[in-house]
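*Asks:* Input file: data_23.txt. Contents: compact mmCIF, C-alpha atoms and all ligand atoms.
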```txt
# COMPACT_ATOMS: atom_id res chain seq x y z
CA MET A 1453 1.79 -25.54 4.78
CA GLU A 1454 -0.81 -24.32 2.29
CA CYS A 1455 -0.01 -21.22 0.21
CA LYS A 1456 -2.17 -18.28 1.28
CA VAL A 1457 -2.32 -17.01 -2.28
CA CYS A 1458 -2.97 -20.07 -4.46
CA ARG A 1459 -3.57 -22.85 -1.91
CA CYS A 1460 -0.85 -25.12 -3.29
CA GLU A 1461 1.47 -26.97 -0.93
CA CYS A 1462 4.52 -24.90 0.07
CA GLU A 1463 8.11 -25.98 0.66
CA GLU A 1464 9.94 -25.13 3.86
CA LYS A 1465 12.73 -22.77 2.77
CA PHE A 1466 14.69 -21.47 5.77
CA GLU A 1467 14.39 -20.12 9.28
CA GLY A 1468 14.62 -16.58 10.58
CA LEU A 1469 14.83 -15.02 14.02
CA ILE A 1470 11.76 -12.83 14.46
CA LEU A 1471 11.84 -9.97 16.99
CA GLY A 1472 15.24 -11.26 18.02
CA LYS A 1473 13.77 -14.28 19.81
CA TYR A 1474 11.28 -16.41 17.83
CA LYS A 1475 12.69 -19.05 15.49
CA VAL A 1476 10.29 -18.90 12.57
CA LYS A 1477 10.03 -20.97 9.39
CA TYR A 1478 9.54 -19.42 5.94
CA TYR A 1479 7.58 -21.36 3.30
CA PHE A 1480 7.88 -20.93 -0.46
CA CYS A 1481 5.15 -21.80 -2.97
CA PRO A 1482 6.58 -23.37 -6.16
CA ASN A 1483 3.36 -22.61 -8.01
CA CYS A 1484 2.85 -18.85 -7.51
CA GLU A 1485 6.26 -17.98 -5.93
CA HIS A 1486 4.72 -16.56 -2.77
CA LEU A 1487 6.85 -16.70 0.39
CA GLN A 1488 5.17 -16.69 3.77
CA THR A 1489 6.16 -17.21 7.37
CA GLU A 1490 4.56 -19.86 9.53
CA GLU A 1491 1.37 -18.70 11.30
CA PRO A 1492 2.39 -15.30 12.72
CA TYR A 1493 1.62 -15.65 16.43
CA TRP A 1494 3.94 -12.71 17.28
CA LEU A 1495 2.03 -9.92 15.50
CA LYS A 1496 0.53 -8.32 18.60
CA GLU A 1497 4.03 -7.81 19.92
CA ALA A 1498 5.35 -6.63 16.53
CA TYR A 1499 2.66 -3.91 16.28
CA LYS A 1500 3.23 -2.36 19.70
CA GLU A 1501 4.67 0.45 17.59
CA PRO A 1502 2.58 0.72 14.36
CA ILE A 1503 5.62 2.11 12.54
CA ALA A 1504 8.76 0.25 13.55
CA ALA A 1505 11.65 2.32 14.90
CA GLU A 1506 13.98 0.90 12.27
CA ASP A 1507 11.72 2.25 9.50
CA THR A 1508 13.81 5.36 9.01
CA GLY A 1509 12.67 5.69 5.38
CA VAL A 1510 9.07 6.48 6.25
CA LEU A 1511 9.02 10.20 5.37
CA GLN A 1512 11.19 10.00 2.26
CA ARG A 1513 8.98 7.16 1.03
CA ASN A 1514 5.85 9.27 1.49
CA LEU A 1515 7.39 12.10 -0.56
CA ASN A 1516 8.38 9.69 -3.34
CA ASN A 1517 4.95 8.06 -3.28
CA ARG A 1518 3.28 11.45 -3.66
CA VAL A 1519 5.21 12.13 -6.85
CA ALA A 1520 4.41 8.68 -8.27
CA ALA A 1521 0.74 8.66 -7.26
CA ALA A 1522 0.08 12.22 -8.44
CA SER A 1523 1.61 11.38 -11.82
CA VAL A 1524 -0.35 8.15 -12.23
CA LEU A 1525 -3.57 9.94 -11.27
CA SER A 1526 -2.87 12.88 -13.59
CA CYS A 1527 -2.14 10.60 -16.55
CA PHE A 1528 -4.73 7.84 -16.18
CA PHE A 1529 -7.49 8.96 -13.77
CA ASP A 1530 -9.93 11.79 -13.19
CA ILE A 1531 -8.08 13.92 -10.63
CA ASP A 1532 -11.31 15.44 -9.34
CA LYS A 1533 -12.51 12.09 -7.96
CA LYS A 1534 -12.02 10.77 -4.42
CA PHE A 1535 -9.18 8.42 -3.51
CA LEU A 1536 -8.37 6.29 -0.48
CA ASP A 1537 -5.03 5.56 1.15
CA TYR A 1538 -5.69 2.11 2.55
CA ALA A 1539 -3.82 1.23 5.76
CA GLY A 1540 -2.71 4.85 5.69
CA GLY A 1541 -0.67 4.79 8.91
CA TYR A 1542 -0.32 8.16 10.63
CA GLY A 1543 -1.95 9.90 7.67
CA VAL A 1544 1.21 11.51 6.27
CA PHE A 1545 0.47 10.48 2.68
CA VAL A 1546 -3.17 11.63 2.81
CA ARG A 1547 -2.05 15.03 4.11
CA LEU A 1548 0.66 15.33 1.44
CA MET A 1549 -1.82 14.49 -1.33
CA ARG A 1550 -4.41 16.92 0.01
CA ASP A 1551 -1.67 19.57 0.16
CA VAL A 1552 -1.41 19.38 -3.63
CA GLY A 1553 -5.15 19.21 -4.18
CA PHE A 1554 -6.11 15.53 -4.40
CA ASP A 1555 -9.20 14.49 -2.44
CA PHE A 1556 -7.64 11.62 -0.49
CA VAL A 1557 -9.18 10.01 2.57
CA TRP A 1558 -7.61 7.77 5.22
CA GLU A 1559 -8.30 4.29 6.60
CA ASP A 1560 -6.24 2.13 8.97
CA LYS A 1561 -7.31 -0.54 11.40
CA PHE A 1562 -4.10 -0.52 13.41
CA SER A 1563 -2.59 2.95 13.42
CA PRO A 1564 -3.78 6.20 14.98
CA ASN A 1565 -4.57 8.96 12.49
CA LEU A 1566 -2.32 11.89 13.34
CA PHE A 1567 -2.14 13.98 10.16
CA ALA A 1568 -5.43 13.34 8.34
CA ARG A 1569 -7.96 13.78 11.14
CA GLY A 1570 -11.36 14.72 9.73
CA PHE A 1571 -10.62 12.98 6.45
CA GLU A 1572 -11.40 9.40 7.38
CA TYR A 1573 -12.94 7.04 4.82
CA LYS A 1574 -16.67 6.53 5.33
CA SER A 1575 -18.27 3.30 4.21
CA GLY A 1576 -20.12 4.04 0.98
CA ASP A 1577 -17.69 6.75 -0.19
CA LYS A 1578 -17.18 6.37 -3.93
CA ILE A 1579 -13.47 5.72 -4.40
CA ASP A 1580 -11.81 5.88 -7.82
CA LEU A 1581 -8.45 4.43 -6.77
CA ILE A 1582 -6.95 2.93 -3.64
CA THR A 1583 -3.31 3.46 -2.78
CA ALA A 1584 -1.64 0.87 -0.57
CA PHE A 1585 1.97 1.55 0.28
CA GLU A 1586 4.03 -0.93 2.26
CA LEU A 1587 0.97 -3.04 2.90
CA PHE A 1588 1.08 -6.38 1.13
CA GLU A 1589 4.09 -7.69 3.03
CA HIS A 1590 2.12 -7.17 6.26
CA LEU A 1591 -0.89 -9.23 5.18
CA GLU A 1592 -1.82 -12.39 7.01
CA LYS A 1593 -4.55 -13.12 4.46
CA PRO A 1594 -3.66 -11.40 1.16
CA VAL A 1595 -6.60 -12.76 -0.85
CA GLU A 1596 -9.22 -11.83 1.75
CA GLU A 1597 -7.73 -8.35 2.16
CA LEU A 1598 -7.75 -7.78 -1.60
CA GLU A 1599 -11.37 -8.89 -1.72
CA LYS A 1600 -12.21 -6.13 0.78
CA MET A 1601 -10.19 -3.57 -1.15
CA PHE A 1602 -11.79 -4.41 -4.51
CA GLU A 1603 -15.21 -3.97 -2.92
CA ILE A 1604 -14.20 -0.35 -2.30
CA SER A 1605 -12.49 0.36 -5.63
CA SER A 1606 -11.66 -1.45 -8.86
CA ASP A 1607 -8.11 -0.05 -9.05
CA ILE A 1608 -5.21 -0.30 -6.60
CA LEU A 1609 -1.86 1.47 -6.87
CA PHE A 1610 0.66 -0.07 -4.51
CA THR A 1611 4.33 -0.51 -3.77
CA GLN A 1612 5.94 -3.86 -3.33
CA ASN A 1613 9.58 -4.81 -3.25
CA THR A 1614 9.37 -7.93 -5.36
CA MET A 1615 11.33 -10.89 -4.10
CA PRO A 1616 14.52 -11.95 -5.90
CA LEU A 1617 14.74 -15.66 -6.68
CA PRO A 1618 16.18 -17.79 -5.29
CA VAL A 1619 15.26 -15.99 -2.09
CA LYS A 1620 17.97 -15.98 0.58
CA PRO A 1621 17.47 -15.81 4.35
CA ASN A 1622 19.51 -12.59 4.44
CA TRP A 1623 17.27 -10.69 1.96
CA TRP A 1624 16.93 -7.33 3.73
CA TYR A 1625 13.21 -7.01 3.10
CA LEU A 1626 12.39 -9.98 5.31
CA SER A 1627 13.31 -7.61 8.19
CA PRO A 1628 12.69 -10.19 10.90
CA SER A 1629 13.87 -7.86 13.69
CA ALA A 1630 10.66 -5.80 13.37
CA GLY A 1631 8.47 -8.89 12.88
CA GLN A 1632 5.88 -7.14 10.69
CA HIS A 1633 6.80 -8.53 7.25
CA ILE A 1634 5.21 -11.95 6.85
CA SER A 1635 4.21 -12.21 3.17
CA PHE A 1636 6.43 -11.79 0.09
CA TYR A 1637 5.75 -11.70 -3.63
CA THR A 1638 7.40 -11.93 -7.03
CA ASN A 1639 5.83 -10.40 -10.13
CA LYS A 1640 4.45 -13.87 -10.85
CA THR A 1641 2.62 -13.91 -7.49
CA LEU A 1642 1.18 -10.47 -8.23
CA ASP A 1643 0.12 -11.61 -11.74
CA PHE A 1644 -1.63 -14.54 -10.12
CA LEU A 1645 -3.49 -12.26 -7.68
CA ALA A 1646 -4.49 -9.81 -10.42
CA GLU A 1647 -5.82 -12.61 -12.60
CA LYS A 1648 -7.78 -14.07 -9.70
CA PHE A 1649 -9.70 -10.80 -9.44
CA GLY A 1650 -9.97 -10.23 -13.19
CA LYS A 1651 -7.54 -7.29 -13.21
CA LYS A 1652 -4.52 -6.30 -15.19
CA HIS A 1653 -1.19 -6.12 -13.31
CA LEU A 1654 1.17 -3.37 -14.44
CA SER A 1655 4.53 -2.85 -12.79
CA SER A 1656 7.48 -0.52 -12.87
CA GLY A 1657 10.15 -1.13 -10.25
CA GLU A 1658 8.46 -1.21 -6.88
CA TYR A 1659 5.25 0.46 -8.16
CA HIS A 1660 2.36 -1.73 -9.23
CA LEU A 1661 -1.15 -1.12 -10.47
CA PHE A 1662 -4.05 -3.56 -10.38
CA THR A 1663 -6.53 -2.07 -12.81
CA GLU A 1664 -9.54 -2.59 -15.01
CA LYS A 1665 -8.51 0.30 -17.24
CA ASP A 1666 -7.01 -0.17 -20.64
CA ILE A 1667 -3.52 1.02 -19.71
CA GLU A 1668 -0.48 -0.42 -21.48
CA GLN A 1669 2.43 -1.76 -19.44
CA LYS A 1670 4.80 0.48 -21.40
CA ALA A 1671 2.72 3.59 -20.65
CA PHE A 1672 2.68 2.81 -16.92
CA GLU A 1673 6.45 2.30 -16.94
CA GLU A 1674 6.99 5.61 -18.73
CA VAL A 1675 4.82 7.49 -16.25
CA ILE A 1676 6.63 6.03 -13.23
CA LYS A 1677 10.03 6.59 -14.83
CA ASN A 1678 9.21 10.22 -15.64
CA SER A 1679 7.08 10.90 -12.58
CA ALA A 1680 9.31 13.67 -11.18
CA HIS A 1681 8.99 15.57 -14.44
CA ILE A 1682 5.25 14.89 -14.81
CA TYR A 1683 4.66 15.96 -11.21
CA LEU A 1684 6.45 19.29 -11.70
CA GLN A 1685 4.76 19.89 -15.01
CA ASN A 1686 1.30 19.38 -13.52
CA ALA A 1687 2.01 21.09 -10.20
CA VAL A 1688 0.84 24.47 -11.53
CA ASP A 1689 -2.65 23.03 -12.00
CA TYR A 1690 -2.87 21.46 -8.55
CA LYS A 1691 -5.03 23.47 -6.19
CA SER A 1692 -3.88 22.99 -2.61
CA ARG A 1693 -6.48 22.02 -0.02
CA ILE A 1694 -4.46 23.28 2.96
CA ALA A 1695 -6.60 26.38 3.52
CA SER A 1696 -9.98 24.85 2.63
CA ASP A 1697 -9.22 21.80 4.81
CA MET A 1698 -8.50 24.07 7.75
CA GLU A 1699 -11.79 25.87 7.24
CA TYR A 1700 -13.57 22.52 7.04
CA ILE A 1701 -12.01 21.29 10.28
CA LEU A 1702 -12.77 24.57 12.09
CA LYS A 1703 -16.38 24.29 10.96
CA LEU A 1704 -16.54 20.68 12.18
CA LYS A 1705 -15.18 21.74 15.58
CA ASN A 1706 -17.63 24.62 15.76
CA ASP A 1707 -20.55 22.38 14.84
CA VAL A 1708 -19.59 19.97 17.63
CA LYS A 1709 -19.44 22.87 20.12
CA ASN A 1710 -22.90 24.08 19.07
CA ILE A 1711 -24.62 20.73 19.54
ZN ZN B 1 1.02 -20.15 -4.15
```
Could I get this file's structure written as structure tokens?
*Replies:*
Amino acid sequence: MECKVCRCECEEKFEGLILGKYKVKYYFCPNCEHLQTEEPYWLKEAYKEPIAAEDTGVLQRNLNNRVAAASVLSCFFDIDKKFLDYAGGYGVFVRLMRDVGFDFVWEDKFSPNLFARGFEYKSGDKIDLITAFELFEHLEKPVEELEKMFEISSDILFTQNTMPLPVKPNWWYLSPSAGQHISFYTNKTLDFLAEKFGKKHLSSGEYHLFTEKDIEQKAFEEVIKNSAHIYLQNAVDYKSRIASDMEYILKLKNDVKNI
């Protein structure tokens, strides 16, 4: 099987039981260290629920991601710009970021927008940074998806549990019971992807940044490590959008009624 990241020939590594019933092979690329399942024919079934029932960490993760993203934005970006949460799920993260004043919009091809209605991404919106949490492991075509994302913005902040080597069939992040994780990366795979698009790859634990900015790896690490402190320190300057967003939505509804 050809590697979906670097196109080299992969080695068959092990088998897993997807959705409790499909025996599926996992392939490892010795060149870029990407691990992928065989062609994922089960995805329609796996996405009957956009957020799997066993994903009990979803809300805590969103809170943690807010602290990390707000700190990265405060330290390295212009916080008055517009940002996009790509594959934003139910819109929890967009709402949380708007609550503390960041102009985030939402996009997701598979999930209904429950919490960020009225703040959908519109083609042509100028986006300073994309966030993509828990996305890359879901990608059937990582290179093509990144191409689309880099057309929208030159910088992507994302989370990724990097794969320990040698990878074992019982690595928890494979989570075959939900069937949604089909693509896995080490830091080397992510370096390869960044280089392919002419970006710098910075990482600190599960947080990664693909960027064109002149940010040092050490500085990124420090910001992620101290994000709780940075977040609290800056919180006084954040101007919540809760009230102004409500006014905006009420106006939208009123405009629709008056048409
Ligand atoms: Zn590869």
*Asks:* Just give me the residues with any atom within 8 Å of (-12.9, 4.6, -7.2), file coordinates, counting all atoms listed in the file, written as a ChimeraX atom specification.
*Replies:* /A:1533-1535,1578-1582,1604-1607
*Asks:* What does the list of residues within 6 Å of ligand ZN 1 (chain B) look like if you count all atoms listed in the file, written as a PyMOL selection string?
*Replies:* chain A and resi 1455+1457-1460+1481+1483-1486
*Asks:* Skip A:Lys1670 itself and residues of its chain fewer than 6 positions away, then list as a JSON list (two decimals) with C-alpha atoms, keeping the file's coordinate frame all residues within 12 Å of it, counting all atoms listed in the file.
*Replies:*
```json
[["chain", "number", "residue", "atom", "x", "y", "z"],
["A", 1654, "LEU", "CA", 1.17, -3.37, -14.44],
["A", 1655, "SER", "CA", 4.53, -2.85, -12.79],
["A", 1656, "SER", "CA", 7.48, -0.52, -12.87],
["A", 1676, "ILE", "CA", 6.63, 6.03, -13.23],
["A", 1677, "LYS", "CA", 10.03, 6.59, -14.83]]
```
*Asks:* At most 12 Å from (3.0, 4.2, -20.7), file frame, all atoms listed in the file: which residues, as a ChimeraX atom specification?
*Replies:* /A:1523-1524,1527-1528,1654-1656,1666-1679
*Asks:* Point out the residue among A:Phe1602, A:Tyr1683, A:Tyr1690, A:Tyr1474 with the least atom-to-atom distance to A:Asp1555, counting all atoms listed in the file.
*Replies:*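 Looking only at the distances to A:Asp1555, the closest residue turns out to be A:Tyr1690.
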*Asks:* As an exercise, work out the distance from atom CA of A:Thr1583 to atom CA of A:His1653 in Å and give it to one decimal place.
*Replies:*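 Taking atom CA of A:Thr1583 and atom CA of A:His1653, their separation equals 14.4 Å.
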*Asks:* Write stretch 1674-1695 of chain A as a PDB file, in the coordinates of the input, completed to N, CA and C atoms.
*Replies:*
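Okay, this is what ended up in result.pdb:
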```pdb
ATOM      1  N   GLU A1674       6.536   4.260 -18.342  1.00  0.00           N
ATOM      2  CA  GLU A1674       6.990   5.610 -18.730  1.00  0.00           C
ATOM      3  C   GLU A1674       6.562   6.648 -17.700  1.00  0.00           C
ATOM      4  N   VAL A1675       5.334   6.515 -17.218  1.00  0.00           N
ATOM      5  CA  VAL A1675       4.820   7.490 -16.250  1.00  0.00           C
ATOM      6  C   VAL A1675       5.605   7.391 -14.936  1.00  0.00           C
ATOM      7  N   ILE A1676       5.865   6.183 -14.475  1.00  0.00           N
ATOM      8  CA  ILE A1676       6.630   6.030 -13.230  1.00  0.00           C
ATOM      9  C   ILE A1676       8.060   6.545 -13.432  1.00  0.00           C
ATOM     10  N   LYS A1677       8.648   6.192 -14.552  1.00  0.00           N
ATOM     11  CA  LYS A1677      10.030   6.590 -14.830  1.00  0.00           C
ATOM     12  C   LYS A1677      10.157   8.123 -14.902  1.00  0.00           C
ATOM     13  N   ASN A1678       9.160   8.761 -15.464  1.00  0.00           N
ATOM     14  CA  ASN A1678       9.210  10.220 -15.640  1.00  0.00           C
ATOM     15  C   ASN A1678       8.354  10.969 -14.630  1.00  0.00           C
ATOM     16  N   SER A1679       8.062  10.321 -13.498  1.00  0.00           N
ATOM     17  CA  SER A1679       7.080  10.900 -12.580  1.00  0.00           C
ATOM     18  C   SER A1679       7.541  12.251 -12.000  1.00  0.00           C
ATOM     19  N   ALA A1680       8.842  12.394 -11.752  1.00  0.00           N
ATOM     20  CA  ALA A1680       9.310  13.670 -11.180  1.00  0.00           C
ATOM     21  C   ALA A1680       9.007  14.809 -12.149  1.00  0.00           C
ATOM     22  N   HIS A1681       9.243  14.569 -13.406  1.00  0.00           N
ATOM     23  CA  HIS A1681       8.990  15.570 -14.440  1.00  0.00           C
ATOM     24  C   HIS A1681       7.479  15.837 -14.599  1.00  0.00           C
ATOM     25  N   ILE A1682       6.717  14.759 -14.647  1.00  0.00           N
ATOM     26  CA  ILE A1682       5.250  14.890 -14.810  1.00  0.00           C
ATOM     27  C   ILE A1682       4.661  15.654 -13.630  1.00  0.00           C
ATOM     28  N   TYR A1683       5.155  15.315 -12.432  1.00  0.00           N
ATOM     29  CA  TYR A1683       4.660  15.960 -11.210  1.00  0.00           C
ATOM     30  C   TYR A1683       4.899  17.484 -11.274  1.00  0.00           C
ATOM     31  N   LEU A1684       6.121  17.862 -11.632  1.00  0.00           N
ATOM     32  CA  LEU A1684       6.450  19.290 -11.700  1.00  0.00           C
ATOM     33  C   LEU A1684       5.645  19.999 -12.784  1.00  0.00           C
ATOM     34  N   GLN A1685       5.495  19.306 -13.891  1.00  0.00           N
ATOM     35  CA  GLN A1685       4.760  19.890 -15.010  1.00  0.00           C
ATOM     36  C   GLN A1685       3.296  20.163 -14.649  1.00  0.00           C
ATOM     37  N   ASN A1686       2.713  19.248 -13.880  1.00  0.00           N
ATOM     38  CA  ASN A1686       1.300  19.380 -13.520  1.00  0.00           C
ATOM     39  C   ASN A1686       1.075  20.226 -12.278  1.00  0.00           C
ATOM     40  N   ALA A1687       2.157  20.439 -11.510  1.00  0.00           N
ATOM     41  CA  ALA A1687       2.010  21.090 -10.200  1.00  0.00           C
ATOM     42  C   ALA A1687       1.294  22.436 -10.296  1.00  0.00           C
ATOM     43  N   VAL A1688       1.485  23.159 -11.398  1.00  0.00           N
ATOM     44  CA  VAL A1688       0.840  24.470 -11.530  1.00  0.00           C
ATOM     45  C   VAL A1688      -0.685  24.354 -11.519  1.00  0.00           C
ATOM     46  N   ASP A1689      -1.188  23.208 -11.957  1.00  0.00           N
ATOM     47  CA  ASP A1689      -2.650  23.030 -12.000  1.00  0.00           C
ATOM     48  C   ASP A1689      -3.231  22.503 -10.687  1.00  0.00           C
ATOM     49  N   TYR A1690      -2.354  22.005  -9.803  1.00  0.00           N
ATOM     50  CA  TYR A1690      -2.870  21.460  -8.550  1.00  0.00           C
ATOM     51  C   TYR A1690      -3.324  22.605  -7.644  1.00  0.00           C
ATOM     52  N   LYS A1691      -4.502  22.420  -7.055  1.00  0.00           N
ATOM     53  CA  LYS A1691      -5.030  23.470  -6.190  1.00  0.00           C
ATOM     54  C   LYS A1691      -5.003  22.952  -4.754  1.00  0.00           C
ATOM     55  N   SER A1692      -4.083  23.491  -3.975  1.00  0.00           N
ATOM     56  CA  SER A1692      -3.880  22.990  -2.610  1.00  0.00           C
ATOM     57  C   SER A1692      -5.161  23.045  -1.783  1.00  0.00           C
ATOM     58  N   ARG A1693      -5.325  22.059  -0.918  1.00  0.00           N
ATOM     59  CA  ARG A1693      -6.480  22.020  -0.020  1.00  0.00           C
ATOM     60  C   ARG A1693      -6.118  22.453   1.400  1.00  0.00           C
ATOM     61  N   ILE A1694      -4.895  22.952   1.599  1.00  0.00           N
ATOM     62  CA  ILE A1694      -4.460  23.280   2.960  1.00  0.00           C
ATOM     63  C   ILE A1694      -5.439  24.270   3.618  1.00  0.00           C
ATOM     64  N   ALA A1695      -5.745  25.353   2.929  1.00  0.00           N
ATOM     65  CA  ALA A1695      -6.600  26.380   3.520  1.00  0.00           C
ATOM     66  C   ALA A1695      -8.052  25.906   3.653  1.00  0.00           C
TER      67      ALA A1695
END
```
